[in-house]
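Novice: Before I ask anything, here is the structure I am working with.
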2 protein chains.
Amino acid sequence: MKNQFDTILLGHGSGGKLTHDLIEGLFAKYFDNDILRQQSDSAIIPLDGKQVAFTTDSFVVDPLFFPGGDIGKLAIAGTVNDLAVSGAVPQYLSCGFIIEEGLPFSTLEKVVKSMAEESKNAGILIVTGDTKVVDRGKCDKVFINTSGIGVLDKKHQQISSGSGIEIGDKIIINGSIGDHGMAVMAARNELNISANIQSDCACLNEMIGDVLKVSNQVKFMRDATRGGLGTVLSELVKGSPFGIQINETDLVINEGVRGMCELLGFDPLYVANEGKVVMAVGKDDAENILRSIKKNRFGRDAAIIGEITGDHQGRAWLQTIVGGKRVIEMLSGQQLPRIC
Amino acid sequence: MKNQFDTILLGHGSGGKLTHDLIEGLFAKYFDNDILRQQSDSAIIPLDGKQVAFTTDSFVVDPLFFPGGDIGKLAIAGTVNDLAVSGAVPQYLSCGFIIEEGLPFSTLEKVVKSMAEESKNAGILIVTGDTKVVDRGKCDKVFINTSGIGVLDKKHQQISSGSGIEIGDKIIINGSIGDHGMAVMAARNELNISANIQSDCACLNEMIGDVLKVSNQVKFMRDATRGGLGTVLSELVKGSPFGIQINETDLVINEGVRGMCELLGFDPLYVANEGKVVMAVGKDDAENILRSIKKNRFGRDAAIIGEITGDHQGRAWLQTIVGGKRVIEMLSGQQLPRIC
């Protein structure tokens with residue numbers, strides 16, 4: 001591949017620009033096929049006449065346990081959400097463990113219990129798995145891969161590509177941003193911060209399923225994980241004939257997150273979430289959809305935060321509180337390594 | 001879980017007895033459901049009225065490159081074979097990379113190229129993926145998870161459980177044993193062995209597909225990977241009303257593999273293969289099936305190596321060359337860490 005770097009950098013796993021370059025320049029180049037080219041959170045595959053969503057995610061979060069979650073809960077929620085935002089009903093998960101020799105059983109059991117609990121809550125089944133153990137010092141405690149399968153109703157198959165988006169569509173997010181990233185950051189031993197921040201890590205399939213029941217005006221969904229809300233918005237309009245305007249006044253940022261971001265020099269727009277879905281929805285049905293989201297415990301702080309515009313084509317813009325405008329670029333470089 | 005150990009040992013990833021104990025005592029206990037309880041290489045899941053095979057495998061082989069293959073080829077073949085031995089037609093793969101910061105791009109590209117080539121050969125598509133990067137020293141170069149989906153014809157749905165097995169059924173394997181494990185072992189730097197051993201790493205879906213076309217007498221298939229042929233045989237009859245007798249004279253063991261096993265004190269019966277399928281087939285159709293396998297380039301040394309017996313219930317036995325009999329137990333402890 002044509003690359004500026006000779007070696008893999010932490011930023012290649014950031015979910016931002018470097019990750020994109022790696023996908024485009026390496027994986028997409030060699031694995032090239034029509035389905036992979038969709039490049040959405042889940043691949044939509046034809047399977048014996050049905051449309052099926054299929055996705056995979058590896059989890060390497062450090063530390064394993066943090067306020068509001070742990071690597072196990074994350075591994076379930078991350079993959080369930082990737083399926084749900086494609087418009088599919090998540091049904092089955094696989095899980096692959098890579099474990100460091102010497103990991104206490106009790107730690108592994110705690111993680112496995114958490115996965116069992118979270119998958120039960122989400123109504124999905126873990127049906128197959130794999131366990132590898134590597135020698136001490138060759139991985140960091142435990143890494144988990146979950147892959148997932150869901151069934152996609154034909155009427156929702158445009159959601160993952162966002163091909164139905166129109167000017168005037170409203171942008172909705174189901175609550176505050178930056179909680180997960182800052183919760184993990186605060187939990188790291190090296191930081192002596194006692195911020196009262198909880199990760200938003202949660203399975204959103206029930207909430208999303210309810211929305212899809214009450215409206216056929218959901219044009220696009222994406223969970224704003226690595227790279228944060230900013231990266232999702234920037235990706236959504238990249239190369240498209242639309243722009244996005246987001247109003248800073250409508251963004252919910254919890255006090256602790258705001259403070260920690262200021263302290264550490266992070267922009268909450270790019271901090272990872274693990275329980276937030278960004279939707280583009282038809283403007284006439286936006287309030288109806290918002291009501292449905294707010295009924296769910298993971299959507300209480302949901303808000304319409306902006307809209308699809310005809311100007312600023314290919315770009316996302318933030319209308320700031322003080323009245324200025326700034327471009328929302330894709331995250332460049334690495335913000336927080338091993339956040340998921 | 002009731003366990004004898006407080007920490008995870010390398011042996012928990014061996015594919016043998018400790019792996020089984022971990023699955024039974026931890027994963028199966030907490031994730032418990034009917035599909036997981038099948039405990040075969042692929043889960044057979046009902047998906048919108050269809051039977052679908054779903055499987056996952058993580059690859060941590062060390063070194064990344066070895067005679068006859070590399071981690072990329074292995075990651076494709078391993079998952080394709082898990083689907084194929086369940087009787088399914090492998091169709092789609094996901095791949096999840098965990099990469100160590102500082103890995104040369106050229107190394108990653110070589111692995112990705114190999115995956116692309118092998119998946120093309122096998123006629124399957126890589127449709128979705130994920131990339132994580134961890135800081136230097138927190139993983140070993142690159143780990144790869146592949147998960148896979150295949151469609152299962154209803155008439156083959158008994159294969160993965162082996163529930164159709166009868167006394168008199170013949171046991172077939174498609175060639176020599178122990179090649180993969182010894183090739184990886186020889187490639188390790190610490191061993192100064194110049195044995196001319198090639199890994200048997202290969203996708204067997206074409207060969208298996210051909211067999212299923214010519215015969216409806218395939219009762220069971222399993223690929224003999226970690227834990228080797230011995231562990232597959234021992235698992236197959238564990239708790240069943242049948243026994244298995246294997247004739248040592250019919251086992252093919254390449255000269256280099258035999259020599260290296262003797263030198264290092266390994267039993268080839270428990271050394272990993274990555275291109276070997278063990279079948280139990282109806283006795284009247286065994287020769288027909290063998291002919292079909294031998295036509296494939298991965299089946300030239302195929303042989304009928306034994307049969308299902310009414311005696312020795314629940315046990316696999318080796319009829320040795322010198323005329324003795326010995327029980328084939330499941331691999332206990334760890335034989336070769338990070339072999340796949």
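The way I read the labels, and the way they are meant: chains A, B, ... in the order of the structure tokens, residue 1 as the first residue of every chain, and ligand 1 as the first ligand shown, with later ones counted on from there.
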Could the residues of chain B within 6 Å of chain A, counting only C-alpha atoms, be given as a PyMOL selection string, please?
Specialist: chain B and resi 6-10+13+30-31+35-36+43+56-57+101-105+116+127-133+138-140
Novice: Which polymer residues have any atom within 7 Å of an atom of range 66-69 of chain B, counting only C-alpha atoms, with same-chain residues fewer than 4 positions away left out, as a ChimeraX atom specification?
Specialist: /B:73-74,183-184,187,198-201
Novice: Deliver the residues from the most recent selection as a file, using N, CA, C and O atoms, as a CSV table (one decimal), in the first residue's frame.
Specialist:
chain,number,residue,atom,x,y,z
B,73,LYS,N,-3.2,-17.4,6.2
B,73,LYS,CA,-3.8,-18.6,5.5
B,73,LYS,C,-4.5,-19.5,6.5
B,73,LYS,O,-5.6,-20.0,6.3
B,74,LEU,N,-3.9,-19.6,7.7
B,74,LEU,CA,-4.4,-20.4,8.8
B,74,LEU,C,-5.8,-19.9,9.2
B,74,LEU,O,-6.7,-20.6,9.5
B,183,ALA,N,5.7,-28.5,11.7
B,183,ALA,CA,6.3,-27.4,10.9
B,183,ALA,C,6.4,-26.1,11.6
B,183,ALA,O,7.4,-25.4,11.5
B,184,VAL,N,5.4,-25.8,12.5
B,184,VAL,CA,5.5,-24.6,13.3
B,184,VAL,C,6.6,-24.7,14.3
B,184,VAL,O,7.4,-23.8,14.5
B,187,ALA,N,9.9,-24.2,12.8
B,187,ALA,CA,10.1,-22.8,12.4
B,187,ALA,C,10.4,-21.9,13.5
B,187,ALA,O,10.8,-20.8,13.3
B,198,GLN,N,6.4,-29.5,5.9
B,198,GLN,CA,5.5,-28.5,5.5
B,198,GLN,C,4.2,-28.6,6.3
B,198,GLN,O,3.7,-29.7,6.5
B,199,SER,N,3.6,-27.5,6.7
B,199,SER,CA,2.3,-27.5,7.3
B,199,SER,C,1.3,-28.0,6.3
B,199,SER,O,1.4,-27.7,5.1
B,200,ASP,N,0.3,-28.7,6.8
B,200,ASP,CA,-0.8,-29.2,5.9
B,200,ASP,C,-1.9,-28.2,5.7
B,200,ASP,O,-2.9,-28.5,5.1
B,201,CYS,N,-1.7,-27.0,6.3
B,201,CYS,CA,-2.7,-25.9,6.3
B,201,CYS,C,-3.4,-25.8,5.0
B,201,CYS,O,-2.8,-25.4,4.0
Novice: Kindly give the distance, in Å, that separates CA of Asn288 in chain B and CA of Ser234 in chain B, rounded to a single decimal.
Specialist: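 So the two atoms, CA of Asn288 in chain B and CA of Ser234 in chain B, lie 25.9 Å apart.
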Novice: Quick one: pull the distance between CA of Val252 in chain A and CA of Lys238 in chain A, Å, one decimal.
Specialist: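 It comes out at 24.5 Å.
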Novice: In Å, how far is it from CA of Lys110 in chain B to CA of Asp21 in chain A?
Specialist: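 CA of Asp21 in chain A lies 17.3 Å from CA of Lys110 in chain B.
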Novice: Please provide as a ChimeraX atom specification all residues within 7 Å of range 268-283 of chain B, with the sequence filter that same-chain residues fewer than 4 positions apart are discarded (counting only C-alpha atoms).
Specialist: /B:78,168-175,177-181,200-204,217-231,261,331
Novice: Select from range 148-326 of chain B everything DSSP, run on the backbone, classes as alpha helix (DSSP H), then give the selection as a CSV table (one decimal) with all heavy atoms, in the first residue's frame.
Specialist:
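What ended up in part33.csv:
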chain,number,residue,atom,x,y,z
B,179,ASP,N,1.7,-32.9,10.7
B,179,ASP,CA,2.5,-32.0,9.8
B,179,ASP,C,2.5,-30.5,10.3
B,179,ASP,O,3.6,-29.9,10.4
B,179,ASP,CB,2.1,-32.0,8.4
B,179,ASP,CG,2.2,-33.4,7.8
B,179,ASP,OD1,1.2,-34.2,8.0
B,179,ASP,OD2,3.2,-33.8,7.2
B,180,HIS,N,1.3,-30.0,10.6
B,180,HIS,CA,1.2,-28.6,11.0
B,180,HIS,C,2.0,-28.3,12.3
B,180,HIS,O,2.9,-27.4,12.3
B,180,HIS,CB,-0.2,-28.1,11.1
B,180,HIS,CG,-0.3,-26.7,11.6
B,180,HIS,ND1,0.0,-25.7,10.8
B,180,HIS,CD2,-0.6,-26.2,12.8
B,180,HIS,CE1,-0.1,-24.5,11.5
B,180,HIS,NE2,-0.5,-24.8,12.7
B,181,GLY,N,1.7,-29.1,13.3
B,181,GLY,CA,2.4,-28.8,14.6
B,181,GLY,C,3.9,-28.9,14.5
B,181,GLY,O,4.6,-28.0,15.0
B,182,MET,N,4.4,-29.9,13.8
B,182,MET,CA,5.9,-30.0,13.7
B,182,MET,C,6.5,-29.0,12.8
B,182,MET,O,7.6,-28.5,13.0
B,182,MET,CB,6.2,-31.4,13.2
B,182,MET,CG,6.0,-32.5,14.3
B,182,MET,SD,6.9,-32.1,15.9
B,182,MET,CE,5.6,-31.7,17.0
B,183,ALA,N,5.7,-28.5,11.7
B,183,ALA,CA,6.3,-27.4,10.9
B,183,ALA,C,6.4,-26.1,11.6
B,183,ALA,O,7.4,-25.4,11.5
B,183,ALA,CB,5.3,-27.2,9.7
B,184,VAL,N,5.4,-25.8,12.5
B,184,VAL,CA,5.5,-24.6,13.3
B,184,VAL,C,6.6,-24.7,14.3
B,184,VAL,O,7.4,-23.8,14.5
B,184,VAL,CB,4.1,-24.3,14.0
B,184,VAL,CG1,4.2,-23.2,15.0
B,184,VAL,CG2,3.0,-24.0,13.0
B,185,MET,N,6.7,-25.9,14.9
B,185,MET,CA,7.7,-26.2,15.9
B,185,MET,C,9.1,-26.0,15.3
B,185,MET,O,10.0,-25.3,15.9
B,185,MET,CB,7.5,-27.6,16.4
B,185,MET,CG,8.0,-27.9,17.8
B,185,MET,SD,7.1,-26.9,19.0
B,185,MET,CE,8.2,-27.2,20.4
B,186,ALA,N,9.3,-26.5,14.1
B,186,ALA,CA,10.6,-26.4,13.4
B,186,ALA,C,10.9,-25.0,13.1
B,186,ALA,O,12.1,-24.6,13.0
B,186,ALA,CB,10.6,-27.3,12.2
B,187,ALA,N,9.9,-24.2,12.8
B,187,ALA,CA,10.1,-22.8,12.4
B,187,ALA,C,10.4,-21.9,13.5
B,187,ALA,O,10.8,-20.8,13.3
B,187,ALA,CB,8.8,-22.3,11.7
B,205,ASN,N,-12.9,-27.3,2.0
B,205,ASN,CA,-14.3,-27.2,1.6
B,205,ASN,C,-14.6,-27.9,0.3
B,205,ASN,O,-15.7,-28.5,0.1
B,205,ASN,CB,-14.9,-25.8,1.7
B,205,ASN,CG,-14.1,-24.8,0.9
B,205,ASN,OD1,-12.9,-24.9,0.8
B,205,ASN,ND2,-14.8,-23.8,0.4
B,206,GLU,N,-13.7,-27.7,-0.7
B,206,GLU,CA,-14.0,-28.3,-2.0
B,206,GLU,C,-14.0,-29.8,-1.9
B,206,GLU,O,-14.9,-30.5,-2.4
B,206,GLU,CB,-12.9,-27.9,-3.0
B,206,GLU,CG,-13.2,-28.2,-4.4
B,206,GLU,CD,-12.0,-28.1,-5.3
B,206,GLU,OE1,-10.9,-28.3,-4.9
B,206,GLU,OE2,-12.3,-27.7,-6.5
B,207,MET,N,-13.0,-30.4,-1.2
B,207,MET,CA,-12.9,-31.8,-1.1
B,207,MET,C,-14.1,-32.4,-0.3
B,207,MET,O,-14.7,-33.4,-0.8
B,207,MET,CB,-11.6,-32.2,-0.3
B,207,MET,CG,-11.3,-33.6,-0.2
B,207,MET,SD,-9.9,-33.9,0.9
B,207,MET,CE,-10.6,-33.8,2.5
B,208,ILE,N,-14.5,-31.7,0.7
B,208,ILE,CA,-15.7,-32.2,1.5
B,208,ILE,C,-17.0,-32.0,0.7
B,208,ILE,O,-17.8,-32.9,0.7
B,208,ILE,CB,-15.7,-31.4,2.9
B,208,ILE,CG1,-14.6,-31.9,3.8
B,208,ILE,CG2,-17.1,-31.6,3.5
B,208,ILE,CD1,-14.4,-31.0,5.0
B,209,GLY,N,-17.1,-30.9,0.0
B,209,GLY,CA,-18.2,-30.7,-0.8
B,209,GLY,C,-18.4,-31.8,-1.9
B,209,GLY,O,-19.5,-32.3,-2.1
B,210,ASP,N,-17.3,-32.3,-2.5
B,210,ASP,CA,-17.3,-33.3,-3.4
B,210,ASP,C,-17.8,-34.7,-2.8
B,210,ASP,O,-18.6,-35.4,-3.4
B,210,ASP,CB,-15.9,-33.5,-4.1
B,210,ASP,CG,-15.6,-32.4,-5.0
B,210,ASP,OD1,-16.5,-31.6,-5.4
B,210,ASP,OD2,-14.4,-32.3,-5.4
B,211,VAL,N,-17.3,-34.9,-1.6
B,211,VAL,CA,-17.7,-36.1,-0.9
B,211,VAL,C,-19.2,-36.1,-0.7
B,211,VAL,O,-19.9,-37.1,-0.9
B,211,VAL,CB,-17.0,-36.3,0.4
B,211,VAL,CG1,-17.6,-37.4,1.3
B,211,VAL,CG2,-15.5,-36.6,0.2
B,212,LEU,N,-19.7,-35.0,-0.2
B,212,LEU,CA,-21.2,-34.9,0.1
B,212,LEU,C,-22.0,-35.0,-1.1
B,212,LEU,O,-23.2,-35.3,-1.0
B,212,LEU,CB,-21.5,-33.6,0.9
B,212,LEU,CG,-20.8,-33.5,2.3
B,212,LEU,CD1,-21.2,-32.1,2.9
B,212,LEU,CD2,-21.2,-34.6,3.2
B,213,LYS,N,-21.4,-34.7,-2.3
B,213,LYS,CA,-22.2,-34.9,-3.5
B,213,LYS,C,-22.3,-36.4,-3.9
B,213,LYS,O,-23.3,-36.8,-4.4
B,213,LYS,CB,-21.4,-34.1,-4.7
B,213,LYS,CG,-22.1,-32.7,-4.9
B,213,LYS,CD,-21.3,-32.0,-6.0
B,213,LYS,CE,-20.9,-30.6,-5.5
B,213,LYS,NZ,-19.6,-30.2,-6.2
B,214,VAL,N,-21.2,-37.1,-3.7
B,214,VAL,CA,-21.2,-38.5,-4.1
B,214,VAL,C,-21.8,-39.5,-3.1
B,214,VAL,O,-22.0,-40.7,-3.4
B,214,VAL,CB,-19.8,-39.1,-4.6
B,214,VAL,CG1,-19.3,-38.2,-5.7
B,214,VAL,CG2,-18.9,-39.1,-3.4
B,228,GLY,N,-5.0,-32.7,18.1
B,228,GLY,CA,-4.7,-33.7,17.1
B,228,GLY,C,-5.8,-34.8,16.9
B,228,GLY,O,-6.9,-34.7,17.4
B,229,LEU,N,-5.4,-35.8,16.1
B,229,LEU,CA,-6.4,-36.9,15.8
B,229,LEU,C,-6.8,-37.6,17.1
B,229,LEU,O,-8.0,-37.9,17.2
B,229,LEU,CB,-5.7,-37.9,14.9
B,229,LEU,CG,-6.4,-39.2,14.6
B,229,LEU,CD1,-7.7,-38.9,13.8
B,229,LEU,CD2,-5.5,-40.1,13.8
B,230,GLY,N,-5.9,-37.8,18.0
B,230,GLY,CA,-6.3,-38.5,19.2
B,230,GLY,C,-7.4,-37.8,20.0
B,230,GLY,O,-8.3,-38.5,20.5
B,231,THR,N,-7.3,-36.5,20.1
B,231,THR,CA,-8.4,-35.8,20.9
B,231,THR,C,-9.7,-35.9,20.1
B,231,THR,O,-10.8,-36.1,20.8
B,231,THR,CB,-8.0,-34.3,21.1
B,231,THR,OG1,-6.8,-34.3,21.9
B,231,THR,CG2,-9.0,-33.5,21.9
B,232,VAL,N,-9.7,-35.8,18.8
B,232,VAL,CA,-11.0,-35.9,18.0
B,232,VAL,C,-11.6,-37.2,18.3
B,232,VAL,O,-12.8,-37.3,18.6
B,232,VAL,CB,-10.8,-35.7,16.5
B,232,VAL,CG1,-12.0,-36.1,15.7
B,232,VAL,CG2,-10.4,-34.3,16.2
B,233,LEU,N,-10.8,-38.3,18.2
B,233,LEU,CA,-11.4,-39.6,18.3
B,233,LEU,C,-11.9,-39.9,19.8
B,233,LEU,O,-13.0,-40.4,20.0
B,233,LEU,CB,-10.3,-40.7,18.1
B,233,LEU,CG,-9.7,-40.7,16.6
B,233,LEU,CD1,-8.6,-41.6,16.5
B,233,LEU,CD2,-10.8,-41.1,15.6
B,234,SER,N,-11.2,-39.4,20.7
B,234,SER,CA,-11.5,-39.6,22.1
B,234,SER,C,-12.8,-38.8,22.4
B,234,SER,O,-13.7,-39.3,23.1
B,234,SER,CB,-10.4,-39.1,23.0
B,234,SER,OG,-10.8,-38.6,24.2
B,235,GLU,N,-12.9,-37.6,21.9
B,235,GLU,CA,-14.2,-36.8,22.1
B,235,GLU,C,-15.4,-37.4,21.4
B,235,GLU,O,-16.5,-37.4,21.9
B,235,GLU,CB,-14.0,-35.4,21.4
B,235,GLU,CG,-13.3,-34.3,22.2
B,235,GLU,CD,-13.2,-33.0,21.4
B,235,GLU,OE1,-13.9,-32.9,20.3
B,235,GLU,OE2,-12.5,-32.2,21.8
B,236,LEU,N,-15.1,-38.0,20.2
B,236,LEU,CA,-16.2,-38.5,19.4
B,236,LEU,C,-17.0,-39.6,20.2
B,236,LEU,O,-18.2,-39.7,20.1
B,236,LEU,CB,-15.7,-39.1,18.1
B,236,LEU,CG,-16.7,-39.8,17.2
B,236,LEU,CD1,-17.9,-38.9,16.9
B,236,LEU,CD2,-16.0,-40.2,15.9
B,237,VAL,N,-16.3,-40.4,20.9
B,237,VAL,CA,-16.9,-41.6,21.6
B,237,VAL,C,-17.2,-41.4,23.0
B,237,VAL,O,-17.9,-42.2,23.7
B,237,VAL,CB,-16.2,-42.9,21.4
B,237,VAL,CG1,-16.3,-43.4,19.9
B,237,VAL,CG2,-14.7,-42.8,21.8
B,255,GLU,N,8.1,-38.9,7.3
B,255,GLU,CA,9.4,-39.3,7.9
B,255,GLU,C,9.9,-38.1,8.9
B,255,GLU,O,10.2,-38.4,10.0
B,255,GLU,CB,10.4,-39.5,6.8
B,255,GLU,CG,11.4,-40.6,7.1
B,255,GLU,CD,10.7,-41.8,7.8
B,255,GLU,OE1,9.8,-42.4,7.2
B,255,GLU,OE2,11.1,-42.1,8.9
B,256,GLY,N,9.8,-36.9,8.3
B,256,GLY,CA,10.3,-35.8,9.1
B,256,GLY,C,9.5,-35.6,10.4
B,256,GLY,O,10.1,-35.3,11.5
B,257,VAL,N,8.2,-35.7,10.3
B,257,VAL,CA,7.4,-35.6,11.5
B,257,VAL,C,7.6,-36.6,12.5
B,257,VAL,O,7.8,-36.4,13.7
B,257,VAL,CB,5.9,-35.6,11.0
B,257,VAL,CG1,5.0,-35.6,12.3
B,257,VAL,CG2,5.5,-34.4,10.2
B,258,ARG,N,7.8,-37.9,12.0
B,258,ARG,CA,8.1,-39.0,12.9
B,258,ARG,C,9.4,-38.7,13.6
B,258,ARG,O,9.5,-38.9,14.9
B,258,ARG,CB,8.1,-40.3,12.1
B,258,ARG,CG,8.2,-41.5,13.0
B,258,ARG,CD,8.3,-42.8,12.1
B,258,ARG,NE,7.2,-43.1,11.3
B,258,ARG,CZ,6.1,-43.7,11.7
B,258,ARG,NH1,6.0,-44.1,12.9
B,258,ARG,NH2,5.1,-43.9,10.8
B,259,GLY,N,10.4,-38.3,12.9
B,259,GLY,CA,11.7,-38.1,13.5
B,259,GLY,C,11.7,-37.0,14.5
B,259,GLY,O,12.2,-37.1,15.6
B,260,MET,N,11.0,-35.9,14.2
B,260,MET,CA,11.0,-34.8,15.1
B,260,MET,C,10.2,-35.1,16.3
B,260,MET,O,10.5,-34.7,17.4
B,260,MET,CB,10.3,-33.6,14.4
B,260,MET,CG,10.7,-32.3,15.0
B,260,MET,SD,10.3,-30.9,14.0
B,260,MET,CE,10.1,-29.6,15.2
B,261,CYS,N,9.1,-35.8,16.2
B,261,CYS,CA,8.3,-36.3,17.3
B,261,CYS,C,9.2,-37.1,18.3
B,261,CYS,O,9.1,-37.0,19.5
B,261,CYS,CB,7.1,-37.0,16.9
B,261,CYS,SG,5.7,-36.0,16.4
B,262,GLU,N,9.9,-38.0,17.7
B,262,GLU,CA,10.8,-38.9,18.5
B,262,GLU,C,11.8,-38.1,19.2
B,262,GLU,O,12.0,-38.2,20.4
B,262,GLU,CB,11.5,-40.0,17.6
B,262,GLU,CG,10.6,-41.2,17.4
B,262,GLU,CD,11.1,-42.1,16.4
B,262,GLU,OE1,12.3,-42.1,16.1
B,262,GLU,OE2,10.3,-43.0,15.9
B,263,LEU,N,12.4,-37.1,18.5
B,263,LEU,CA,13.4,-36.3,19.1
B,263,LEU,C,12.9,-35.5,20.3
B,263,LEU,O,13.5,-35.3,21.3
B,263,LEU,CB,13.9,-35.3,18.0
B,263,LEU,CG,15.2,-34.5,18.2
B,263,LEU,CD1,16.4,-35.5,18.2
B,263,LEU,CD2,15.4,-33.5,17.1
B,264,LEU,N,11.7,-34.9,20.1
B,264,LEU,CA,11.2,-34.0,21.1
B,264,LEU,C,10.2,-34.7,22.1
B,264,LEU,O,9.7,-34.0,23.0
B,264,LEU,CB,10.4,-32.8,20.4
B,264,LEU,CG,11.3,-32.0,19.4
B,264,LEU,CD1,10.4,-31.0,18.7
B,264,LEU,CD2,12.3,-31.2,20.2
B,286,ALA,N,-17.8,-46.6,2.2
B,286,ALA,CA,-16.4,-46.1,2.6
B,286,ALA,C,-15.5,-46.1,1.4
B,286,ALA,O,-14.7,-45.1,1.2
B,286,ALA,CB,-15.9,-47.0,3.7
B,287,GLU,N,-15.4,-47.1,0.6
B,287,GLU,CA,-14.5,-47.1,-0.5
B,287,GLU,C,-14.8,-46.0,-1.6
B,287,GLU,O,-13.9,-45.4,-2.1
B,287,GLU,CB,-14.4,-48.5,-1.2
B,287,GLU,CG,-13.8,-49.6,-0.4
B,287,GLU,CD,-12.3,-49.3,-0.1
B,287,GLU,OE1,-11.6,-48.6,-0.9
B,287,GLU,OE2,-11.7,-49.9,0.9
B,288,ASN,N,-16.1,-45.9,-1.8
B,288,ASN,CA,-16.6,-44.8,-2.7
B,288,ASN,C,-16.1,-43.4,-2.2
B,288,ASN,O,-15.6,-42.6,-3.0
B,288,ASN,CB,-18.1,-45.0,-2.8
B,288,ASN,CG,-18.7,-43.9,-3.7
B,288,ASN,OD1,-18.1,-43.4,-4.6
B,288,ASN,ND2,-19.9,-43.4,-3.3
B,289,ILE,N,-16.3,-43.2,-0.9
B,289,ILE,CA,-15.9,-41.9,-0.3
B,289,ILE,C,-14.4,-41.7,-0.4
B,289,ILE,O,-13.9,-40.7,-0.8
B,289,ILE,CB,-16.5,-41.8,1.1
B,289,ILE,CG1,-18.0,-41.7,1.1
B,289,ILE,CG2,-15.8,-40.7,1.9
B,289,ILE,CD1,-18.7,-41.8,2.4
B,290,LEU,N,-13.7,-42.8,-0.1
B,290,LEU,CA,-12.2,-42.7,-0.1
B,290,LEU,C,-11.8,-42.4,-1.5
B,290,LEU,O,-10.8,-41.5,-1.7
B,290,LEU,CB,-11.7,-44.1,0.3
B,290,LEU,CG,-10.1,-44.1,0.5
B,290,LEU,CD1,-9.7,-43.2,1.7
B,290,LEU,CD2,-9.7,-45.6,0.8
B,291,ARG,N,-12.4,-42.9,-2.6
B,291,ARG,CA,-12.0,-42.6,-3.9
B,291,ARG,C,-12.2,-41.1,-4.2
B,291,ARG,O,-11.3,-40.5,-4.8
B,291,ARG,CB,-12.8,-43.4,-4.9
B,291,ARG,CG,-12.2,-44.7,-5.4
B,291,ARG,CD,-12.9,-45.3,-6.6
B,291,ARG,NE,-14.3,-45.5,-6.4
B,291,ARG,CZ,-14.8,-46.6,-5.8
B,291,ARG,NH1,-14.0,-47.6,-5.3
B,291,ARG,NH2,-16.1,-46.7,-5.6
B,292,SER,N,-13.3,-40.6,-3.8
B,292,SER,CA,-13.6,-39.2,-4.0
B,292,SER,C,-12.6,-38.3,-3.3
B,292,SER,O,-12.1,-37.4,-3.9
B,292,SER,CB,-15.0,-38.9,-3.5
B,292,SER,OG,-15.2,-37.5,-3.4
B,293,ILE,N,-12.2,-38.6,-2.1
B,293,ILE,CA,-11.2,-37.8,-1.3
B,293,ILE,C,-9.9,-37.9,-2.0
B,293,ILE,O,-9.2,-36.9,-2.2
B,293,ILE,CB,-11.1,-38.4,0.1
B,293,ILE,CG1,-12.4,-38.2,0.9
B,293,ILE,CG2,-10.0,-37.7,0.8
B,293,ILE,CD1,-12.4,-38.7,2.3
B,294,LYS,N,-9.5,-39.1,-2.5
B,294,LYS,CA,-8.2,-39.2,-3.1
B,294,LYS,C,-8.0,-38.4,-4.4
B,294,LYS,O,-6.9,-38.1,-4.8
B,294,LYS,CB,-7.9,-40.7,-3.3
B,294,LYS,CG,-7.4,-41.5,-2.1
B,294,LYS,CD,-7.3,-43.0,-2.4
B,294,LYS,CE,-6.6,-43.7,-1.3
B,294,LYS,NZ,-5.1,-43.5,-1.4
B,295,LYS,N,-9.1,-38.1,-5.0
B,295,LYS,CA,-9.1,-37.3,-6.3
B,295,LYS,C,-8.6,-35.9,-6.0
B,295,LYS,O,-8.1,-35.2,-6.8
B,295,LYS,CB,-10.4,-37.3,-6.9
B,295,LYS,CG,-10.7,-38.5,-7.8
B,295,LYS,CD,-12.1,-38.3,-8.5
B,295,LYS,CE,-12.6,-39.7,-8.9
B,295,LYS,NZ,-14.1,-39.7,-9.0
Novice: Run DSSP on the backbone and tell me which residues of range 22-212 of chain B come out as strand (DSSP E or B); list them as a ChimeraX atom specification.
Specialist: /B:43-47,50-59,65-66,69-70,88-100,104,125-134,139,142-152,170-173
